[in-house]
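Read through the structure below, which is laid out as structure tokens, and then see the notes.
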Amino acid sequence: LYCPESLGDGCCELVPIAHAFEGCKAKGMATGIVVTTILPHATPASWSAHSAFRYLEEFISQQQLESEPPFDVLLGGGRHFFGAERSDGRDLLAEHADTYTMVSTKTQLEEERRTWEQQGVSQAPLKPLLGLFAEYDMQYEIDRPTHNGGQEPSLRQMVEAAISRLEATGKEYCLLIEGSHIDTALHDNDAATAAHEAIAYDDAVEFVMEHAKGKEDELQVISVADHSTGGSTLGMQRDWNMTYGQRVCHPPVDGQEASCTAATGTKAYDSTDGWTPAILANARSSIARLARRLCCDMA
């Protein structure tokens, strides 16, 4: 949607324009989405739905599931917005049970993948694949292996399955992959969790780039950053000063008055002194999971 001109009072008449996947489908291409947040989250929504507000998740998820032609692959979290818990009383999963092959665990995804890979490219079209692995967002990578018996797939495992499934259609394809939780972890200023998410994304990209080797004339890979939320200084522990002339203020100590100085440089930024990123490897849980345990005795 876009706003061609204001009608005053902050209002405008929203005009729908085609999103990227509508362009892909118009060219007869297969389409897929792989995320680790809910499927109707901001990035996948902007590629797959028309909505005046990003938080209309039920409206967005309905468009994703009822798109014509259907998406060939939808993998992520957000089962709550598709099932019987919807506020409008509809159960989209029950309504479209005959349209989609539905999976909810890593084991089920692996089993379905073996089925279509053994079948090969078939003249009979495969059912679209819908994988909803969590009620809301999927787990952070740092928490995933110990959550629910490790039955949530990793980003790379979903990407491998998605590409295999899309290529089984025998069509050219468009696939959106988002390492969604890099952003989420940085919103929490959770450096260790963000690092694990970045590594998980790098692992997925490694597979894609390896898969693309020798196919440069037919397969284009584009990888871009989100807005780098938080600007975290990963691994900074000590021996540092602010930069760019920012004022650094020290509280009164031993009867002395508080003092402020304008910093002009930092030893840590000019060298590796003061940076100890290896300490992030000591983390065994996300801040979010620790908070759930402390607050509500939840895993």
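Quick note on naming: the chains in the structure tokens go A, B, ... in the order shown, residues restart at 1 in each chain, and ligands are numbered from 1 in order of appearance.
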Problem - Secondary structure check, alpha helix (DSSP H) residues of region 133-247 of chain A, as a count of residues only - result: 42
Handout entry: Selected residue, from A:Ala162, A:Val208, A:Ala42, A:Ala185, that lies nearest to Arg289 (chain A) when counting only C-alpha atoms
Key = A:Ala185
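Relative to CA of Asp188 (chain A), CA of Asn148 (chain A) is found at 23.1 Å.
You can rank A:Pro153, A:Pro145, A:Pro70, A:Gly83 by their closest distance to Lys106 (chain A) using only C-alpha atoms, and at the top of that list sits A:Pro153.
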Problem - Members of region 104-168 of chain A assigned strand (DSSP E or B) by DSSP, as an NGL selection string - result: :A and (129-132)
Problem - Residue neighbourhood Gly32 (chain A), 8 Å, only C-alpha atoms, exclusion window fewer than 2 positions, as number ranges by chain - result: A: 30, 34, 71-74, 162, 166, 173-176
Completion exercise
The distance between CA of Tyr140 (chain A) and CA of Thr43 (chain A) is 17.6 Å
Problem - Gln220 (chain A) environment, 12 Å, only C-alpha atoms, sequence neighbours closer than 3 positions dropped, as a VMD selection string - result: chain A and resid 172 to 175 208 to 209 211 to 217 223
Practice task
Find the residues near Leu129 (chain A): any atom within 12 Å, counting only C-alpha atoms, skip ones fewer than 5 places away on the same chain, and give them as a PyMOL selection string.
Solution key: chain A and resi 30-34+65+70-76+96-104+108-109+112-113+116+158+161-166+168-169
What does the file look like for those residues with N, CA and C atoms, as a compact mmCIF listing (two decimals), in the first residue's frame?
# COMPACT_ATOMS: atom_id res chain seq x y z
N ALA A 30 7.48 -20.40 -8.81
CA ALA A 30 7.14 -20.91 -7.49
C ALA A 30 7.63 -19.91 -6.44
N THR A 31 6.98 -19.90 -5.27
CA THR A 31 7.32 -18.89 -4.26
C THR A 31 7.39 -19.52 -2.88
N GLY A 32 8.23 -18.94 -2.03
CA GLY A 32 8.37 -19.46 -0.68
C GLY A 32 8.86 -18.42 0.30
N ILE A 33 8.53 -18.63 1.57
CA ILE A 33 8.96 -17.75 2.67
C ILE A 33 9.50 -18.63 3.79
N VAL A 34 10.65 -18.25 4.33
CA VAL A 34 11.25 -18.92 5.49
C VAL A 34 11.66 -17.85 6.50
N LEU A 65 -2.22 -17.39 3.48
CA LEU A 65 -2.70 -18.76 3.30
C LEU A 65 -3.68 -18.88 2.14
N PRO A 70 -1.42 -20.33 -4.55
CA PRO A 70 -0.86 -20.41 -3.19
C PRO A 70 0.67 -20.31 -3.20
N PHE A 71 1.22 -19.88 -2.07
CA PHE A 71 2.66 -19.99 -1.87
C PHE A 71 3.01 -21.48 -1.85
N ASP A 72 4.11 -21.83 -2.48
CA ASP A 72 4.54 -23.23 -2.50
C ASP A 72 5.14 -23.65 -1.17
N VAL A 73 5.76 -22.70 -0.46
CA VAL A 73 6.40 -22.99 0.83
C VAL A 73 6.16 -21.83 1.78
N LEU A 74 5.67 -22.13 2.98
CA LEU A 74 5.57 -21.17 4.06
C LEU A 74 6.10 -21.85 5.32
N LEU A 75 7.25 -21.39 5.84
CA LEU A 75 7.87 -22.02 7.01
C LEU A 75 8.22 -20.96 8.04
N GLY A 76 7.77 -21.15 9.27
CA GLY A 76 8.09 -20.21 10.34
C GLY A 76 7.24 -20.47 11.56
N HIS A 96 -8.23 -25.23 5.25
CA HIS A 96 -7.34 -25.46 4.12
C HIS A 96 -6.52 -26.73 4.27
N ALA A 97 -7.02 -27.66 5.10
CA ALA A 97 -6.30 -28.91 5.35
C ALA A 97 -6.08 -29.71 4.09
N ASP A 98 -7.00 -29.62 3.12
CA ASP A 98 -6.86 -30.38 1.88
C ASP A 98 -5.95 -29.69 0.87
N THR A 99 -5.67 -28.41 1.11
CA THR A 99 -4.86 -27.63 0.16
C THR A 99 -3.38 -27.77 0.45
N TYR A 100 -3.02 -27.81 1.73
CA TYR A 100 -1.61 -27.77 2.13
C TYR A 100 -1.17 -29.09 2.78
N THR A 101 0.11 -29.40 2.58
CA THR A 101 0.78 -30.38 3.43
C THR A 101 1.28 -29.62 4.64
N MET A 102 0.84 -30.00 5.84
CA MET A 102 1.14 -29.23 7.04
C MET A 102 2.08 -30.01 7.95
N VAL A 103 3.11 -29.34 8.44
CA VAL A 103 4.04 -29.94 9.39
C VAL A 103 4.22 -28.99 10.57
N SER A 104 4.57 -29.54 11.73
CA SER A 104 4.74 -28.70 12.91
C SER A 104 5.99 -29.05 13.71
N GLN A 108 8.73 -34.09 11.27
CA GLN A 108 7.73 -34.12 10.20
C GLN A 108 8.25 -33.47 8.93
N LEU A 109 8.98 -32.36 9.07
CA LEU A 109 9.56 -31.69 7.91
C LEU A 109 10.54 -32.60 7.19
N GLU A 112 8.60 -35.38 5.30
CA GLU A 112 7.98 -34.88 4.07
C GLU A 112 9.04 -34.62 3.00
N ARG A 113 10.20 -34.13 3.43
CA ARG A 113 11.27 -33.86 2.46
C ARG A 113 11.72 -35.14 1.79
N TRP A 116 9.11 -36.10 -1.00
CA TRP A 116 9.13 -35.42 -2.30
C TRP A 116 10.46 -35.60 -3.03
N MET A 158 15.40 -25.32 7.58
CA MET A 158 14.22 -24.85 6.86
C MET A 158 14.59 -24.40 5.45
N ALA A 161 15.19 -27.41 3.20
CA ALA A 161 13.92 -28.03 2.82
C ALA A 161 13.17 -27.17 1.82
N ALA A 162 13.17 -25.85 2.03
CA ALA A 162 12.43 -24.95 1.14
C ALA A 162 12.99 -24.99 -0.27
N ILE A 163 14.30 -24.92 -0.41
CA ILE A 163 14.90 -24.95 -1.75
C ILE A 163 14.64 -26.29 -2.42
N SER A 164 14.78 -27.37 -1.66
CA SER A 164 14.49 -28.69 -2.22
C SER A 164 13.05 -28.77 -2.70
N ARG A 165 12.13 -28.26 -1.88
CA ARG A 165 10.70 -28.31 -2.22
C ARG A 165 10.39 -27.44 -3.45
N LEU A 166 10.97 -26.25 -3.51
CA LEU A 166 10.72 -25.36 -4.64
C LEU A 166 11.28 -25.94 -5.94
N ALA A 168 11.57 -29.02 -6.57
CA ALA A 168 10.76 -30.17 -6.93
C ALA A 168 9.57 -29.79 -7.80
N THR A 169 9.23 -28.49 -7.83
CA THR A 169 8.13 -28.05 -8.69
C THR A 169 8.54 -28.02 -10.16
Handout entry: Residues near Ile60 (chain A), cut-off 12 Å, only C-alpha atoms, skip fewer than 6 positions along chain, as a ChimeraX atom specification
Key = /A:38-54,66-67,78,81-82
Problem - CA of Glu141 (chain A) to CA of Thr37 (chain A), distance in Å rounded to a single decimal - result: 11.8 Å
